[in-house]
Structures are given as structure tokens and as C-alpha cells.
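**Q** File follows, start.txt with compact mmCIF, C-alpha atoms:
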# COMPACT_ATOMS: atom_id res chain seq x y z
CA MET N 1 85.66 120.48 122.32
CA TYR N 2 88.27 117.75 121.89
CA PHE N 3 91.58 118.86 120.40
CA VAL N 4 93.48 116.15 118.52
CA THR N 5 97.05 115.51 119.64
CA ASP N 6 99.88 113.74 117.83
CA LYS N 7 98.46 110.45 119.07
CA ILE N 8 96.25 108.63 116.55
CA GLU N 9 93.02 108.62 118.54
CA PHE N 10 89.63 110.31 118.78
CA PRO N 11 87.03 110.55 121.52
CA ASP N 12 84.02 108.26 121.39
CA VAL N 13 81.67 109.43 118.62
CA SER N 14 78.87 109.78 121.17
CA GLU N 15 80.69 112.93 122.33
CA ALA N 16 80.06 114.71 119.01
CA SER N 17 77.98 117.88 119.03
CA ALA N 18 74.38 117.93 117.81
CA GLU N 19 75.71 118.93 114.38
CA GLY N 20 78.16 116.02 114.42
CA LEU N 21 81.41 117.90 115.15
CA LEU N 22 83.66 115.62 117.18
CA ALA N 23 87.19 117.03 117.26
CA VAL N 24 89.53 119.73 115.97
CA GLY N 25 93.13 119.63 114.78
CA GLY N 26 95.60 116.88 114.00
CA ASP N 27 96.78 116.03 110.52
CA LEU N 28 95.70 114.16 107.39
CA SER N 29 98.21 111.34 107.61
CA PRO N 30 97.10 108.01 106.11
CA GLU N 31 97.19 106.42 109.56
CA ARG N 32 94.89 109.04 111.08
CA LEU N 33 92.48 109.03 108.13
CA ILE N 34 92.21 105.24 108.12
CA HIS N 35 91.64 105.24 111.88
CA ALA N 36 88.99 107.95 111.51
CA TYR N 37 87.01 106.26 108.74
CA SER N 38 87.23 102.91 110.55
CA ASN N 39 85.43 104.58 113.45
CA GLY N 40 82.77 106.47 111.50
CA ILE N 41 84.64 109.80 111.48
CA PHE N 42 85.59 111.99 108.52
CA PRO N 43 87.33 115.37 107.99
CA TRP N 44 85.37 118.31 106.60
CA PHE N 45 86.62 121.90 106.77
CA GLN N 46 87.30 125.01 104.72
CA ASP N 47 90.76 126.09 103.59
CA GLU N 48 91.15 128.77 106.27
CA GLU N 49 89.91 126.52 109.10
CA PRO N 50 91.71 123.96 111.26
CA ILE N 51 90.96 120.32 110.45
CA LEU N 52 87.46 119.51 111.71
CA TRP N 53 86.42 115.89 112.34
CA TRP N 54 82.78 114.85 112.09
CA SER N 55 80.54 111.92 112.99
CA PRO N 56 76.93 113.01 112.37
CA ASP N 57 73.83 111.36 113.76
CA PRO N 58 71.80 110.50 111.76
CA ARG N 59 74.08 109.32 108.96
CA PHE N 60 73.01 109.61 105.32
CA VAL N 61 73.57 106.30 103.52
CA LEU N 62 72.49 104.26 100.53
CA PHE N 63 71.72 100.56 100.62
CA PRO N 64 72.62 99.33 97.11
CA GLU N 65 69.48 97.19 96.86
CA GLU N 66 67.44 100.38 97.36
CA LEU N 67 69.15 102.28 94.54
CA LYS N 68 66.57 104.20 92.50
CA VAL N 69 67.14 104.50 88.77
CA SER N 70 64.55 106.63 87.01
CA LYS N 71 63.16 105.79 83.59
CA SER N 72 65.03 108.70 82.07
CA MET N 73 68.30 107.53 83.64
CA ARG N 74 67.73 104.00 82.39
CA GLN N 75 67.46 105.46 78.91
CA VAL N 76 70.69 107.42 79.39
CA LEU N 77 72.49 104.28 80.56
CA LYS N 78 71.05 102.25 77.68
CA LYS N 79 72.34 104.72 75.08
CA GLY N 80 75.91 104.04 76.18
CA ASN N 81 77.18 107.54 75.49
CA PHE N 82 79.45 107.37 78.54
CA LYS N 83 82.32 105.08 79.44
CA VAL N 84 82.87 104.34 83.14
CA THR N 85 86.26 103.28 84.56
CA ILE N 86 87.72 102.75 88.03
CA ASN N 87 91.04 104.11 89.29
CA LYS N 88 92.18 105.40 85.90
CA ALA N 89 92.48 109.10 86.83
CA PHE N 90 92.17 109.41 90.60
CA LYS N 91 93.91 112.75 91.11
CA ALA N 92 92.07 114.32 88.17
CA VAL N 93 88.74 113.27 89.68
CA VAL N 94 89.58 114.74 93.08
CA GLU N 95 90.86 117.97 91.54
CA ASN N 96 87.68 118.30 89.47
CA CYS N 97 85.58 117.71 92.58
CA ALA N 98 87.55 120.48 94.31
CA THR N 99 86.87 123.04 91.57
CA ALA N 100 83.25 122.09 90.86
CA LYS N 101 80.82 124.94 91.57
CA ARG N 102 78.12 124.05 94.09
CA ASN N 103 75.01 126.12 94.77
CA ASP N 104 75.19 125.68 98.55
CA GLN N 105 78.91 126.38 99.01
CA ASP N 106 81.01 129.52 98.65
CA GLY N 107 84.32 127.65 98.47
CA THR N 108 85.64 124.14 98.57
CA TRP N 109 86.47 121.83 101.45
CA ILE N 110 88.77 119.82 99.15
CA THR N 111 91.94 121.76 99.85
CA GLU N 112 95.33 121.05 98.31
CA GLY N 113 96.22 119.20 101.49
CA MET N 114 93.11 117.06 101.15
CA VAL N 115 93.91 116.26 97.51
CA ASN N 116 97.39 115.09 98.45
CA ALA N 117 96.17 113.16 101.50
CA TYR N 118 93.57 111.20 99.55
CA TYR N 119 96.02 110.55 96.75
CA ARG N 120 98.28 108.90 99.33
CA LEU N 121 95.31 106.78 100.46
CA HIS N 122 94.74 105.87 96.82
CA GLN N 123 98.35 104.74 96.47
CA LEU N 124 97.87 102.59 99.58
CA GLY N 125 94.76 100.98 98.10
CA TYR N 126 92.14 102.59 100.34
CA ALA N 127 90.78 105.33 98.07
CA LYS N 128 89.00 104.68 94.78
CA SER N 129 87.95 106.87 91.90
CA ILE N 130 85.21 106.28 89.38
CA GLU N 131 85.68 108.14 86.11
CA VAL N 132 83.07 108.97 83.48
CA TRP N 133 84.31 109.64 79.96
CA GLN N 134 82.69 111.03 76.85
CA ASN N 135 84.69 111.06 73.62
CA ASP N 136 87.84 110.37 75.67
CA GLU N 137 87.23 113.46 77.84
CA LEU N 138 86.76 113.19 81.61
CA VAL N 139 83.28 114.64 82.12
CA GLY N 140 82.29 113.28 85.52
CA GLY N 141 83.32 111.12 88.42
CA LEU N 142 83.40 110.46 92.12
CA TYR N 143 85.84 109.19 94.72
CA GLY N 144 85.73 107.67 98.17
CA ILE N 145 87.28 105.38 100.74
CA GLU N 146 86.93 101.62 101.05
CA ILE N 147 87.57 100.69 104.67
CA THR N 148 85.97 97.23 104.52
CA ASP N 149 84.80 95.02 101.67
CA SER N 150 81.21 95.87 102.52
CA VAL N 151 81.27 99.66 103.07
CA PHE N 152 82.29 102.41 100.65
CA CYS N 153 82.54 105.93 102.04
CA GLY N 154 81.71 108.35 99.24
CA GLU N 155 83.47 111.70 99.44
CA SER N 156 82.53 113.86 96.47
CA MET N 157 81.41 113.82 92.85
CA PHE N 158 81.42 116.18 89.89
CA ALA N 159 79.83 116.45 86.47
CA LYS N 160 80.78 118.64 83.52
CA VAL N 161 77.87 117.41 81.42
CA SER N 162 74.35 116.46 82.43
CA ASN N 163 73.93 113.04 84.10
CA ALA N 164 77.65 112.21 84.06
CA SER N 165 78.06 111.82 87.83
CA LYS N 166 74.80 109.87 88.09
CA VAL N 167 75.97 107.46 85.39
CA GLY N 168 79.22 106.90 87.26
CA PHE N 169 77.52 106.45 90.62
CA ILE N 170 74.82 104.09 89.37
CA THR N 171 77.21 102.00 87.28
CA PHE N 172 79.64 101.71 90.19
CA ILE N 173 76.92 100.61 92.62
CA GLN N 174 75.41 98.11 90.20
CA ASN N 175 78.79 96.49 89.57
CA SER N 176 80.07 96.26 93.16
CA ASN N 177 79.21 94.11 96.18
CA TYR N 178 79.02 96.71 98.92
CA LYS N 179 76.33 96.39 101.56
CA LEU N 180 76.32 100.10 102.35
CA ILE N 181 77.39 103.35 100.70
CA ASP N 182 78.20 106.11 103.18
CA CYS N 183 76.98 109.43 101.79
CA GLN N 184 77.77 111.24 105.08
CA LEU N 185 75.35 114.18 104.85
CA HIS N 186 71.97 114.68 103.17
CA THR N 187 71.75 115.97 99.61
CA LYS N 188 68.66 116.04 97.41
CA HIS N 189 70.74 114.58 94.57
CA LEU N 190 71.58 111.43 96.54
CA GLU N 191 68.12 111.24 98.11
CA SER N 192 66.69 111.01 94.59
CA LEU N 193 68.90 107.94 94.07
CA GLY N 194 67.56 106.22 97.19
CA ALA N 195 69.82 107.40 100.01
CA LYS N 196 68.28 107.87 103.46
CA ASN N 197 69.15 108.59 107.08
CA ILE N 198 70.01 105.87 109.58
CA SER N 199 71.22 106.24 113.17
CA ARG N 200 74.91 106.55 113.90
CA PRO N 201 74.92 103.31 115.96
CA ALA N 202 73.31 101.46 113.04
CA PHE N 203 75.93 102.87 110.69
CA LEU N 204 78.77 101.88 113.01
CA ASN N 205 77.44 98.33 113.08
CA PHE N 206 78.22 98.07 109.37
CA ILE N 207 81.77 99.31 109.85
CA LYS N 208 82.50 97.41 113.06
CA PRO N 209 79.94 94.59 113.13
CA HIS N 210 81.79 92.59 115.79
CA ASP N 211 81.73 95.38 118.35
CA THR N 212 78.09 94.89 119.25
Here is a file; write its structure as C-alpha cells.

**A**
Amino acid sequence: MYFVTDKIEFPDVSEASAEGLLAVGGDLSPERLIHAYSNGIFPWFQDEEPILWWSPDPRFVLFPEELKVSKSMRQVLKKGNFKVTINKAFKAVVENCATAKRNDQDGTWITEGMVNAYYRLHQLGYAKSIEVWQNDELVGGLYGIEITDSVFCGESMFAKVSNASKVGFITFIQNSNYKLIDCQLHTKHLESLGAKNISRPAFLNFIKPHDT
């Protein structure tokens, strides 16, 4: 196992375990996070654990042109009961993602340190939030990292009312020019919207297309 030092570097992603675990330790400084995402690596760990860095193979992604919008969701979008904004309440979105109850998780990986780290990335222009409002109340949203103009790395989403996160996700995709949305790991929710697995090398080609 590779242990991260103070130096901003990681081993080659090909050295990751079968589960995708690449390295342990380090910090969540903006410089390290930007370097990680630029190389197909992301942090994912529980509050009581050291920082764990991952680069899974395969990688779960969505090509925007393959986005699936069901008939029922088209009706929801058409009704216009939700308002979608970008970067209007970043910290609130992340904090809601942290406290959202998930059937497959006992706790949250979005620790206080993670909230603060991604807020710093937001202030630097790398992290984005998408907010979903209903009657001026924040009822859903998602956030992620934009490393290049063509790739958005989604981190987490939440919904307090039915369909809120889907409305935010679909609206965001339909009104952006990304070539790839990084969903990191498989979920049935994102699979229903058209996400699928691709190989890690194929994913890295989108992030670093001139390295081939």
C-alpha cells in the first residue's frame, strides 16, 4: 500500500488494488485534490478512517448524449415545479449531501474536513453546486469538480422531496457542454439515467487526452 507523503504526488493508477484503492494518507489541500482529480483519483473514506484515495477500474460514467429521461420525468420537468440554479448555495448543498440518509451506508464519507476542503475548491472555481428549489426552499442538489471544460466529476447528490435530485442532474446535463460526467462508482439511480462502466484507461483519456 502506498502511503502519501507531504509531496503532492500519487503512484500510477495502475497500482490500485482490485477494488480501486490506490493510496492512504496525506491531506485535503486544494493542490492535492486538484492533482488527484486531474489524474483520475478521488478521496473516499469514513470519519474515523485515514484519507483513502481511489481510482477504480472500471469507472462509472455518463455520456451526456446518452442521458435517459423517462416519460414520467419529462412530465415532472414540464410542470416546472422546481427551480434549478448553479453555485447559489454551495456549502448548503454539500452539508445536505453529508446528512442525507442512504440505504447502503451507515454513516457519511462527507466529513467536516471534506465539506471545508470542497468549499475551498469552490472558492477557487473548481467545485460547482447545482441547487433545486421548491417554494424558495432548498429541496435537492448535487455538487462536483470541474477539472477540464469537458469533464465534470460528480461527488454527491441529495433530495428532500421526490425527483428533486433528478431534476437538478438532468437540467444541469442538458444545459452544459461536458463530454463526460464522472459518476465514480455504480449506483442504480445513475444507471437508470444512462450511466455505464468504461475502462480506467478510457476514462483517463478524457481527462488527459494528450497523454496517449

**Q** Using only C-alpha atoms, pick whichever of N:Pro11, N:Gly194, N:Gly40, N:Gly26 has the shortest atom-to-atom distance to N:Val69.

**A**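 Once distances to N:Val69 are computed over only C-alpha atoms, the minimum belongs to N:Gly194.
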
**Q** Out of N:Leu204, N:Cys97, N:Leu193, N:Ile181, which residue has the shortest atom-to-atom distance to N:Leu67 when counting all atoms listed in the file?

**A** N:Leu193

**Q** Could you pull out every residue with an atom within 10 Å of (94.6, 105.5, 96.3), file coordinates, counting all atoms listed in the file, and send them as a list in words?

**A**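 Counting all atoms listed in the file, I find these residues within 10 Å of (94.6, 105.5, 96.3): Asn87, Phe90, Lys91, Ala117, Tyr118, Tyr119, Arg120, Leu121, His122, Gln123, Leu124, Gly125, Tyr126, Ala127, Lys128, Ser129, Tyr143, Gly144, Ile145 and Glu146 of chain N.
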
**Q** Could you please give me, as an MDAnalysis selection string, the residues of protein, DNA or RNA lying at most 9 Å from (69.3, 107.6, 112.5) in the coordinate frame of the file, considering only C-alpha atoms?

**A** chainID N and resid 57:60 197:203

**Q** From the list N:Ile51, N:Ile147, N:Val76, N:Ala159, which residue is nearest N:Asn96 when using all atoms listed in the file?

**A** N:Ala159

**Q** Mind pulling up the distance from atom CA of N:Gly20 to atom CA of N:Lys166?

**A** 27.2 Å

**Q** Nearest to N:Tyr2: which of N:Trp133, N:Phe152, N:Phe63, N:Trp53 is it, counting all atoms listed in the file?

**A**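 Ranked by minimum distance to N:Tyr2, first place goes to N:Trp53.
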
**Q** Rounded to one decimal place, report the atom CA of N:Ala92-atom CA of N:Gln46 distance in Å.

**A**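 If I compute the distance from atom CA of N:Ala92 to atom CA of N:Gln46, I get 20.3 Å.
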
**Q** Take atom CA of N:Ile86 and atom CA of N:Glu131 and report the distance between them in Å, one decimal.

**A** 6.1 Å

**Q** Show me, as a PDB file with C-alpha atoms, in the coordinates of the input, the residues that have an atom within 7 Å of N:Pro64 when counting only C-alpha atoms, minus same-chain residues fewer than 6 positions from it.

**A**
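Writing the result to result.pdb gives the following:
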ATOM      1  CA  ILE N 173      76.920 100.610  92.620  1.00  0.00           C
ATOM      2  CA  LYS N 179      76.330  96.390 101.560  1.00  0.00           C
ATOM      3  CA  LEU N 180      76.320 100.100 102.350  1.00  0.00           C
TER       4      LEU N 180
END

**Q** Which residues, written as a PDB file with C-alpha atoms, in the coordinates of the input, have at least one atom at most 7 Å from N:Tyr178, with only C-alpha atoms counted and residues fewer than 4 positions away on the same chain left out?

**A**
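selection-v1.pdb, written as the output of this step:
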ATOM      1  CA  ASP N 149      84.800  95.020 101.670  1.00  0.00           C
ATOM      2  CA  SER N 150      81.210  95.870 102.520  1.00  0.00           C
ATOM      3  CA  VAL N 151      81.270  99.660 103.070  1.00  0.00           C
ATOM      4  CA  PHE N 152      82.290 102.410 100.650  1.00  0.00           C
TER       5      PHE N 152
END

**Q** Here is a test: counting all atoms listed in the file, which residue of N:Val167, N:Phe10, N:Ser176, N:Thr99 is nearest to N:Ser70?

**A** N:Val167

**Q** Pick the closest to N:Ile41 from N:Val4, N:Leu28, N:Ile170, N:Leu22: which is it, counting all atoms listed in the file?

**A** N:Leu22
